[in-house]
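data-v3.pdb follows (PDB, C-alpha atoms, pLDDT in the B column):
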ATOM      1  CA  MET A1382       8.319   9.575  -8.701  1.00 87.00           C
ATOM      2  CA  LYS A1383      11.542  10.528 -10.403  1.00 89.00           C
ATOM      3  CA  ASN A1384      15.041   9.609  -9.335  1.00 92.00           C
ATOM      4  CA  ASN A1385      18.662  10.365 -10.090  1.00 92.00           C
ATOM      5  CA  ILE A1386      20.156   6.916  -9.620  1.00 94.00           C
ATOM      6  CA  LYS A1387      21.753   7.126 -13.056  1.00 93.00           C
ATOM      7  CA  ILE A1388      23.688  10.259 -12.038  1.00 94.00           C
ATOM      8  CA  HIS A1389      24.835   8.720  -8.762  1.00 93.00           C
ATOM      9  CA  ARG A1390      25.841   5.572 -10.598  1.00 94.00           C
ATOM     10  CA  ALA A1391      27.912   7.640 -13.006  1.00 94.00           C
ATOM     11  CA  ILE A1392      29.552   9.556 -10.124  1.00 93.00           C
ATOM     12  CA  ASN A1393      30.458   6.264  -8.456  1.00 92.00           C
ATOM     13  CA  ASP A1394      31.470   4.709 -11.797  1.00 93.00           C
ATOM     14  CA  LEU A1395      29.063   1.812 -11.418  1.00 93.00           C
ATOM     15  CA  THR A1396      27.200  -0.190 -14.034  1.00 95.00           C
ATOM     16  CA  GLN A1397      23.564  -1.224 -13.555  1.00 95.00           C
ATOM     17  CA  GLU A1398      24.770  -4.795 -13.162  1.00 94.00           C
ATOM     18  CA  GLN A1399      27.204  -3.856 -10.366  1.00 95.00           C
ATOM     19  CA  LEU A1400      24.645  -1.781  -8.473  1.00 95.00           C
ATOM     20  CA  ALA A1401      22.066  -4.547  -8.870  1.00 94.00           C
ATOM     21  CA  GLU A1402      24.485  -7.068  -7.394  1.00 93.00           C
ATOM     22  CA  ILE A1403      25.308  -4.800  -4.434  1.00 94.00           C
ATOM     23  CA  ILE A1404      21.636  -4.093  -3.675  1.00 93.00           C
ATOM     24  CA  GLY A1405      20.568  -7.691  -4.305  1.00 91.00           C
ATOM     25  CA  VAL A1406      18.164  -7.246  -7.209  1.00 93.00           C
ATOM     26  CA  SER A1407      18.307  -7.939 -10.942  1.00 92.00           C
ATOM     27  CA  ARG A1408      19.851  -5.536 -13.476  1.00 93.00           C
ATOM     28  CA  GLN A1409      16.429  -5.189 -15.099  1.00 93.00           C
ATOM     29  CA  THR A1410      14.971  -3.919 -11.819  1.00 94.00           C
ATOM     30  CA  ILE A1411      17.596  -1.144 -11.611  1.00 95.00           C
ATOM     31  CA  ASN A1412      16.889  -0.321 -15.265  1.00 94.00           C
ATOM     32  CA  SER A1413      13.123  -0.152 -14.623  1.00 94.00           C
ATOM     33  CA  ILE A1414      13.639   2.135 -11.612  1.00 94.00           C
ATOM     34  CA  GLU A1415      15.955   4.438 -13.573  1.00 94.00           C
ATOM     35  CA  LYS A1416      13.431   4.710 -16.390  1.00 93.00           C
ATOM     36  CA  ASN A1417      10.611   5.428 -13.903  1.00 91.00           C
ATOM     37  CA  ARG A1418       8.723   2.320 -14.981  1.00 91.00           C
ATOM     38  CA  TYR A1419       8.841   0.891 -11.471  1.00 92.00           C
ATOM     39  CA  VAL A1420       8.626   2.589  -8.076  1.00 93.00           C
ATOM     40  CA  PRO A1421      10.796   0.627  -5.621  1.00 94.00           C
ATOM     41  CA  SER A1422       9.709  -0.398  -2.143  1.00 92.00           C
ATOM     42  CA  THR A1423      10.832   1.632   0.870  1.00 93.00           C
ATOM     43  CA  ILE A1424      13.381  -1.062   1.739  1.00 92.00           C
ATOM     44  CA  LEU A1425      14.932  -0.985  -1.732  1.00 94.00           C
ATOM     45  CA  ALA A1426      14.930   2.837  -1.825  1.00 94.00           C
ATOM     46  CA  LEU A1427      16.656   2.908   1.584  1.00 95.00           C
ATOM     47  CA  LYS A1428      19.232   0.350   0.447  1.00 95.00           C
ATOM     48  CA  ILE A1429      20.036   2.420  -2.645  1.00 95.00           C
ATOM     49  CA  ALA A1430      20.272   5.645  -0.606  1.00 95.00           C
ATOM     50  CA  LYS A1431      22.431   3.946   2.013  1.00 94.00           C
ATOM     51  CA  TYR A1432      24.824   2.661  -0.601  1.00 94.00           C
ATOM     52  CA  PHE A1433      25.244   6.130  -2.149  1.00 94.00           C
ATOM     53  CA  LYS A1434      25.499   7.648   1.388  1.00 93.00           C
ATOM     54  CA  LYS A1435      22.580   9.994   0.680  1.00 93.00           C
ATOM     55  CA  TYR A1436      19.149  10.631   2.147  1.00 93.00           C
ATOM     56  CA  VAL A1437      16.311   8.911   0.281  1.00 93.00           C
ATOM     57  CA  ASN A1438      14.809  12.246  -0.803  1.00 91.00           C
ATOM     58  CA  GLU A1439      18.137  13.216  -2.359  1.00 91.00           C
ATOM     59  CA  ILE A1440      17.755  10.297  -4.755  1.00 93.00           C
ATOM     60  CA  PHE A1441      13.999   9.951  -5.095  1.00 93.00           C
ATOM     61  CA  GLU A1442      11.709  12.900  -5.634  1.00 90.00           C
ATOM     62  CA  LEU A1443       7.933  13.124  -5.790  1.00 88.00           C
ATOM     63  CA  GLU A1444       6.385  14.541  -8.940  1.00 84.00           C
ATOM     64  CA  GLU A1445       3.240  16.659  -9.260  1.00 82.00           C
ATOM     65  CA  CYS A1446       1.208  13.646 -10.415  1.00 82.00           C
ATOM     66  CA  ASP A1447       2.169  11.522  -7.366  1.00 76.00           C
TER      67      ASP A1447
ATOM     68  CA  MET B1085      15.856 -20.270  14.668  1.00 46.00           C
ATOM     69  CA  LYS B1086      12.403 -19.690  13.256  1.00 52.00           C
ATOM     70  CA  GLU B1087      12.535 -17.764   9.969  1.00 53.00           C
ATOM     71  CA  LYS B1088      10.761 -14.417  10.216  1.00 59.00           C
ATOM     72  CA  TYR B1089       7.914 -14.125   7.736  1.00 59.00           C
ATOM     73  CA  LYS B1090       8.186 -11.121   5.449  1.00 65.00           C
ATOM     74  CA  GLN B1091       5.055  -9.716   3.888  1.00 62.00           C
ATOM     75  CA  SER B1092       7.007  -8.657   0.791  1.00 63.00           C
ATOM     76  CA  GLU B1093       8.099 -12.205   0.000  1.00 73.00           C
ATOM     77  CA  LEU B1094       6.419 -15.221  -1.535  1.00 77.00           C
ATOM     78  CA  ARG B1095       7.434 -18.678  -0.402  1.00 85.00           C
ATOM     79  CA  LEU B1096       8.516 -20.183  -3.711  1.00 90.00           C
ATOM     80  CA  LEU B1097      10.103 -23.516  -4.518  1.00 92.00           C
ATOM     81  CA  PRO B1098      13.888 -23.765  -5.056  1.00 93.00           C
ATOM     82  CA  ARG B1099      15.253 -23.648  -8.597  1.00 93.00           C
ATOM     83  CA  TYR B1100      15.773 -27.428  -8.871  1.00 95.00           C
ATOM     84  CA  PHE B1101      11.990 -27.916  -8.869  1.00 95.00           C
ATOM     85  CA  ASN B1102      12.103 -26.768 -12.508  1.00 94.00           C
ATOM     86  CA  LYS B1103      13.691 -30.105 -13.355  1.00 95.00           C
ATOM     87  CA  ILE B1104      11.023 -31.959 -11.340  1.00 96.00           C
ATOM     88  CA  GLY B1105       8.261 -30.092 -13.243  1.00 95.00           C
ATOM     89  CA  ILE B1106       9.830 -30.912 -16.613  1.00 95.00           C
ATOM     90  CA  GLY B1107      10.380 -34.501 -15.412  1.00 96.00           C
ATOM     91  CA  ILE B1108       6.640 -34.852 -14.745  1.00 95.00           C
ATOM     92  CA  PHE B1109       5.909 -33.742 -18.327  1.00 95.00           C
ATOM     93  CA  LEU B1110       8.420 -36.282 -19.660  1.00 96.00           C
ATOM     94  CA  ILE B1111       6.830 -39.075 -17.593  1.00 95.00           C
ATOM     95  CA  ILE B1112       3.362 -38.109 -18.881  1.00 94.00           C
ATOM     96  CA  GLY B1113       4.725 -38.053 -22.449  1.00 94.00           C
ATOM     97  CA  LEU B1114       6.304 -41.474 -21.910  1.00 94.00           C
ATOM     98  CA  ILE B1115       3.063 -42.942 -20.528  1.00 93.00           C
ATOM     99  CA  ILE B1116       1.112 -41.602 -23.542  1.00 92.00           C
ATOM    100  CA  ALA B1117       3.729 -42.914 -25.978  1.00 92.00           C
ATOM    101  CA  LEU B1118       3.795 -46.374 -24.350  1.00 92.00           C
ATOM    102  CA  THR B1119      -0.002 -46.505 -24.419  1.00 91.00           C
ATOM    103  CA  LEU B1120      -0.088 -45.487 -28.087  1.00 89.00           C
ATOM    104  CA  VAL B1121       2.309 -48.299 -29.068  1.00 89.00           C
ATOM    105  CA  ASP B1122       0.287 -50.767 -26.943  1.00 84.00           C
ATOM    106  CA  ILE B1123       3.090 -51.561 -24.483  1.00 86.00           C
ATOM    107  CA  LEU B1124       1.009 -50.159 -21.648  1.00 82.00           C
ATOM    108  CA  LYS B1125      -2.694 -50.934 -21.579  1.00 85.00           C
ATOM    109  CA  ILE B1126      -4.511 -48.130 -19.782  1.00 85.00           C
ATOM    110  CA  ASP B1127      -8.181 -47.272 -20.055  1.00 88.00           C
ATOM    111  CA  PRO B1128      -8.525 -44.060 -22.173  1.00 87.00           C
ATOM    112  CA  ASP B1129     -10.514 -42.293 -19.443  1.00 89.00           C
ATOM    113  CA  ILE B1130      -7.903 -43.127 -16.811  1.00 91.00           C
ATOM    114  CA  LEU B1131      -5.129 -42.033 -19.205  1.00 91.00           C
ATOM    115  CA  LEU B1132      -6.909 -38.720 -19.760  1.00 91.00           C
ATOM    116  CA  THR B1133      -7.239 -38.190 -16.007  1.00 91.00           C
ATOM    117  CA  ILE B1134      -3.561 -39.049 -15.433  1.00 92.00           C
ATOM    118  CA  THR B1135      -2.520 -36.710 -18.266  1.00 93.00           C
ATOM    119  CA  LYS B1136      -4.616 -33.799 -17.014  1.00 93.00           C
ATOM    120  CA  SER B1137      -3.468 -34.242 -13.405  1.00 93.00           C
ATOM    121  CA  GLY B1138       0.169 -34.618 -14.488  1.00 94.00           C
ATOM    122  CA  ILE B1139       0.074 -31.496 -16.642  1.00 94.00           C
ATOM    123  CA  LEU B1140      -1.621 -29.584 -13.831  1.00 95.00           C
ATOM    124  CA  VAL B1141       0.952 -30.663 -11.228  1.00 96.00           C
ATOM    125  CA  GLY B1142       3.843 -29.978 -13.635  1.00 95.00           C
ATOM    126  CA  LEU B1143       2.560 -26.516 -14.509  1.00 95.00           C
ATOM    127  CA  LEU B1144       1.865 -25.677 -10.866  1.00 95.00           C
ATOM    128  CA  ILE B1145       5.391 -26.707  -9.845  1.00 96.00           C
ATOM    129  CA  LEU B1146       6.879 -24.615 -12.680  1.00 95.00           C
ATOM    130  CA  ALA B1147       4.683 -21.652 -11.718  1.00 93.00           C
ATOM    131  CA  MET B1148       5.738 -21.854  -8.063  1.00 93.00           C
ATOM    132  CA  THR B1149       9.470 -22.247  -8.749  1.00 94.00           C
ATOM    133  CA  LYS B1150      11.871 -19.346  -8.321  1.00 92.00           C
ATOM    134  CA  ILE B1151      13.405 -17.793 -11.418  1.00 91.00           C
ATOM    135  CA  LYS B1152      17.124 -17.002 -11.650  1.00 87.00           C
ATOM    136  CA  THR B1153      16.906 -13.563 -10.040  1.00 86.00           C
ATOM    137  CA  GLU B1154      13.910 -13.236  -7.786  1.00 88.00           C
ATOM    138  CA  ASP B1155      13.305  -9.730  -6.422  1.00 89.00           C
ATOM    139  CA  GLU B1156      10.445  -7.354  -5.630  1.00 91.00           C
ATOM    140  CA  LEU B1157       9.849  -6.506  -9.290  1.00 93.00           C
ATOM    141  CA  THR B1158       9.520 -10.166 -10.277  1.00 93.00           C
ATOM    142  CA  LEU B1159       7.172 -10.658  -7.305  1.00 92.00           C
ATOM    143  CA  ARG B1160       5.020  -7.808  -8.579  1.00 93.00           C
ATOM    144  CA  ILE B1161       5.057  -9.259 -12.111  1.00 95.00           C
ATOM    145  CA  ARG B1162       4.179 -12.689 -10.692  1.00 94.00           C
ATOM    146  CA  LEU B1163       1.186 -11.331  -8.785  1.00 94.00           C
ATOM    147  CA  LYS B1164       0.010  -9.265 -11.768  1.00 95.00           C
ATOM    148  CA  SER B1165       0.205 -12.338 -14.023  1.00 96.00           C
ATOM    149  CA  LEU B1166      -1.683 -14.457 -11.472  1.00 95.00           C
ATOM    150  CA  GLY B1167      -4.363 -11.777 -11.250  1.00 97.00           C
ATOM    151  CA  PHE B1168      -4.653 -11.573 -15.026  1.00 96.00           C
ATOM    152  CA  ALA B1169      -4.836 -15.365 -15.343  1.00 96.00           C
ATOM    153  CA  PHE B1170      -7.588 -15.480 -12.709  1.00 96.00           C
ATOM    154  CA  ILE B1171      -9.617 -12.750 -14.449  1.00 97.00           C
ATOM    155  CA  PHE B1172      -9.057 -14.539 -17.780  1.00 96.00           C
ATOM    156  CA  GLY B1173     -10.367 -17.788 -16.253  1.00 94.00           C
ATOM    157  CA  VAL B1174     -13.488 -16.129 -14.862  1.00 95.00           C
ATOM    158  CA  GLY B1175     -14.075 -14.151 -18.061  1.00 95.00           C
ATOM    159  CA  TYR B1176     -13.589 -17.202 -20.260  1.00 91.00           C
ATOM    160  CA  THR B1177     -15.992 -19.267 -18.142  1.00 91.00           C
ATOM    161  CA  ILE B1178     -18.650 -16.573 -18.552  1.00 91.00           C
ATOM    162  CA  ILE B1179     -18.072 -16.067 -22.292  1.00 91.00           C
ATOM    163  CA  GLU B1180     -17.541 -19.730 -23.278  1.00 88.00           C
ATOM    164  CA  PRO B1181     -21.275 -20.681 -23.472  1.00 87.00           C
ATOM    165  CA  PHE B1182     -21.846 -17.775 -25.877  1.00 87.00           C
ATOM    166  CA  ILE B1183     -18.881 -18.859 -28.033  1.00 86.00           C
ATOM    167  CA  ASN B1184     -20.331 -22.396 -28.071  1.00 84.00           C
ATOM    168  CA  LEU B1185     -23.707 -20.975 -29.046  1.00 86.00           C
ATOM    169  CA  LEU B1186     -22.091 -19.068 -31.893  1.00 85.00           C
ATOM    170  CA  PHE B1187     -20.041 -21.932 -33.357  1.00 84.00           C
ATOM    171  CA  GLN B1188     -21.666 -25.179 -32.159  1.00 80.00           C
ATOM    172  CA  ASN B1189     -25.275 -24.068 -31.697  1.00 77.00           C
ATOM    173  CA  SER B1190     -25.193 -25.206 -28.070  1.00 79.00           C
ATOM    174  CA  PHE B1191     -25.213 -23.172 -24.891  1.00 78.00           C
ATOM    175  CA  ILE B1192     -23.766 -26.013 -22.797  1.00 77.00           C
ATOM    176  CA  THR B1193     -20.129 -25.902 -21.648  1.00 76.00           C
ATOM    177  CA  LYS B1194     -18.260 -29.201 -21.517  1.00 76.00           C
ATOM    178  CA  ARG B1195     -14.906 -27.858 -20.248  1.00 78.00           C
ATOM    179  CA  SER B1196     -13.704 -29.568 -17.063  1.00 85.00           C
ATOM    180  CA  VAL B1197     -12.188 -27.787 -14.075  1.00 89.00           C
ATOM    181  CA  SER B1198      -8.727 -29.219 -14.788  1.00 90.00           C
ATOM    182  CA  GLU B1199      -8.859 -27.950 -18.392  1.00 91.00           C
ATOM    183  CA  LEU B1200      -9.779 -24.485 -17.126  1.00 92.00           C
ATOM    184  CA  LEU B1201      -6.952 -24.548 -14.567  1.00 94.00           C
ATOM    185  CA  ILE B1202      -4.459 -25.685 -17.227  1.00 94.00           C
ATOM    186  CA  THR B1203      -5.589 -22.818 -19.494  1.00 94.00           C
ATOM    187  CA  MET B1204      -5.252 -20.351 -16.604  1.00 95.00           C
ATOM    188  CA  LEU B1205      -1.754 -21.593 -15.772  1.00 96.00           C
ATOM    189  CA  LEU B1206      -0.738 -21.346 -19.445  1.00 96.00           C
ATOM    190  CA  VAL B1207      -2.071 -17.763 -19.583  1.00 96.00           C
ATOM    191  CA  TYR B1208      -0.101 -17.065 -16.389  1.00 96.00           C
ATOM    192  CA  PHE B1209       3.109 -18.363 -18.019  1.00 94.00           C
ATOM    193  CA  VAL B1210       2.616 -16.341 -21.206  1.00 96.00           C
ATOM    194  CA  ILE B1211       1.904 -13.109 -19.291  1.00 96.00           C
ATOM    195  CA  PHE B1212       4.643 -13.687 -16.710  1.00 95.00           C
ATOM    196  CA  HIS B1213       7.378 -14.373 -19.239  1.00 93.00           C
ATOM    197  CA  SER B1214       6.337 -11.602 -21.636  1.00 95.00           C
ATOM    198  CA  MET B1215       6.287  -9.115 -18.719  1.00 93.00           C
ATOM    199  CA  LEU B1216       9.664 -10.377 -17.529  1.00 92.00           C
ATOM    200  CA  LYS B1217      11.126  -9.659 -20.961  1.00 89.00           C
ATOM    201  CA  LYS B1218       9.602  -6.167 -21.047  1.00 86.00           C
ATOM    202  CA  ARG B1219      10.602  -5.137 -17.497  1.00 81.00           C
TER     203      ARG B1219
END

Starting from the coordinates I provided, produce the structure as structure tokens.
Amino acid sequence: MKNNIKIHRAINDLTQEQLAEIIGVSRQTINSIEKNRYVPSTILALKIAKYFKKYVNEIFELEECD
Amino acid sequence: MKEKYKQSELRLLPRYFNKIGIGIFLIIGLIIALTLVDILKIDPDILLTITKSGILVGLLILAMTKIKTEDELTLRIRLKSLGFAFIFGVGYTIIEPFINLLFQNSFITKRSVSELLITMLLVYFVIFHSMLKKR
């Protein structure tokens, strides 16, 4: 599953640390999600989407291999 | 109000339990040191039992204590490490007699349960902290 959190972070002028604090996770977790090393839970995906005022599928997208 | 149980959470000990875990190690170290300098007179078998139990309790407390930032990724890492440690323990128990046969010419295993659990907890710590660094 790929995502465009990095782009939305840049649009909102947010660092990983700031987003992590808002969502309530560690900076490393945001980094892992951005690099597609970790697929977040539904709750975390919804929190991220809610913060960016987007639908979840506007931020997260399924890949062929999923 | 009764706290609602969440399936995605582990009930871990608060951060200050780290100090309690380390404190247990210090007490064990102190008991060993006092016994070595003959201030305390404890039977060697009892001392060994106390040491093993103390290390086991200390390690278990440290393993069950929250880290600075606990989230779903750390929970996943924690469970993966526990799984690996468990498989390591089972695998080692199966392989150990063959290692003994190879090096000591004996097929009998003398490792106690507490020694195995200590090894498993140490493996858990190594895996958990290395995975935390790589996350």

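Taking all atoms listed in the file, the non-local environment of B:Gly1173 within 12 Å (same-chain residues fewer than 5 positions away omitted) comprises Leu1166, Gly1167, Phe1168, Ile1178, Ile1179, Glu1180, Arg1195, Val1197, Ser1198, Glu1199, Leu1200, Leu1201, Ile1202, Thr1203, Met1204, Leu1205, Leu1206, Val1207 and Tyr1208 of chain B.
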
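Residue nearest A:Leu1427, chosen from A:Ile1388, A:Glu1444, A:Ile1404, A:Asn1393 and counting all atoms listed in the file: A:Ile1404.
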
Requested in this report: Within 7 Å of A:Met1382, counting only C-alpha atoms, which residues show up once you throw out same-chain ones fewer than 6 positions away? Write them as an MDAnalysis selection string, please.
Outcome: chainID A and resid 1441:1444 1447

Please, could you write that set of residues out with C-alpha atoms as a short mmCIF file (atom, residue, chain, number, x, y, z; two decimals), keeping the file's coordinate frame?
data_model
loop_
_atom_site.label_atom_id
_atom_site.label_comp_id
_atom_site.auth_asym_id
_atom_site.auth_seq_id
_atom_site.Cartn_x
_atom_site.Cartn_y
_atom_site.Cartn_z
CA PHE A 1441 14.00 9.95 -5.10
CA GLU A 1442 11.71 12.90 -5.63
CA LEU A 1443 7.93 13.12 -5.79
CA GLU A 1444 6.38 14.54 -8.94
CA ASP A 1447 2.17 11.52 -7.37
#

**Report entry** Exercise answer, chain B residues close to chain A, 9 Å and only C-alpha atoms, as a PyMOL selection string
**Finding:** chain B and resi 1153-1158+1216+1219

Query raised in the report: Do you have the atom CA of B:Lys1103-atom CA of B:Leu1146 distance handy?
Result: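 Answer for the atom CA of B:Lys1103 to atom CA of B:Leu1146 separation: 8.8 Å.
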
Query raised in the report: Could you write out as number ranges by chain the residues that the PyMOL selection byres ((chain B and resi 1112-1117) around 8) matches in the shown file?
Result: B: 1108-1111, 1118-1121, 1124, 1131, 1134-1135, 1138-1139

Query raised in the report: With distances taken over all atoms listed in the file, which of A:His1389, A:Tyr1432, A:Asn1417, A:Asn1384 is nearest to A:Ile1403?
Result: A:Tyr1432

Query raised in the report: Which of these, A:Glu1415, A:Ile1429, A:Glu1439, A:Lys1434, has the shortest distance to A:Glu1402 once you count all atoms listed in the file?
Result: A:Ile1429

**Report entry** Neighbours of point (10.7, -24.6, -12.8) within 12 Å, using all atoms listed in the file, written as a PyMOL selection string
**Finding:** chain B and resi 1096-1109+1141-1152+1209

For those residues, write C-alpha atoms to a file as a JSON list (two decimals), in the coordinates of the input.
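For reference, out18.json as written:
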[["chain", "number", "residue", "atom", "x", "y", "z"],
["B", 1096, "LEU", "CA", 8.52, -20.18, -3.71],
["B", 1097, "LEU", "CA", 10.10, -23.52, -4.52],
["B", 1098, "PRO", "CA", 13.89, -23.76, -5.06],
["B", 1099, "ARG", "CA", 15.25, -23.65, -8.60],
["B", 1100, "TYR", "CA", 15.77, -27.43, -8.87],
["B", 1101, "PHE", "CA", 11.99, -27.92, -8.87],
["B", 1102, "ASN", "CA", 12.10, -26.77, -12.51],
["B", 1103, "LYS", "CA", 13.69, -30.10, -13.36],
["B", 1104, "ILE", "CA", 11.02, -31.96, -11.34],
["B", 1105, "GLY", "CA", 8.26, -30.09, -13.24],
["B", 1106, "ILE", "CA", 9.83, -30.91, -16.61],
["B", 1107, "GLY", "CA", 10.38, -34.50, -15.41],
["B", 1108, "ILE", "CA", 6.64, -34.85, -14.74],
["B", 1109, "PHE", "CA", 5.91, -33.74, -18.33],
["B", 1141, "VAL", "CA", 0.95, -30.66, -11.23],
["B", 1142, "GLY", "CA", 3.84, -29.98, -13.64],
["B", 1143, "LEU", "CA", 2.56, -26.52, -14.51],
["B", 1144, "LEU", "CA", 1.86, -25.68, -10.87],
["B", 1145, "ILE", "CA", 5.39, -26.71, -9.85],
["B", 1146, "LEU", "CA", 6.88, -24.62, -12.68],
["B", 1147, "ALA", "CA", 4.68, -21.65, -11.72],
["B", 1148, "MET", "CA", 5.74, -21.85, -8.06],
["B", 1149, "THR", "CA", 9.47, -22.25, -8.75],
["B", 1150, "LYS", "CA", 11.87, -19.35, -8.32],
["B", 1151, "ILE", "CA", 13.40, -17.79, -11.42],
["B", 1152, "LYS", "CA", 17.12, -17.00, -11.65],
["B", 1209, "PHE", "CA", 3.11, -18.36, -18.02]]

Centre and edge lengths, as lines of an AutoDock Vina configuration file, for the axis-aligned box enclosing every listed atom of stretch 1400-1406 of chain A with 3 Å of padding on each of the six sides, in Å to one decimal?
center_x = 21.7
center_y = -4.7
center_z = -6.3
size_x = 13.1
size_y = 11.9
size_z = 11.2

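As for atom CA of B:Val1174 and atom CA of B:Leu1140, they are spaced 18.0 Å apart.
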
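Remark: for B:Met1215, the closest of the candidate residues B:Arg1095, B:Ile1123, B:Lys1164, B:Ser1137 is B:Lys1164 (distances computed over all atoms listed in the file).
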
Query raised in the report: What is the distance between atom CA of B:Phe1170 and atom CA of A:Thr1423, in Å to one decimal?
Result: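 The value is 28.6 Å.
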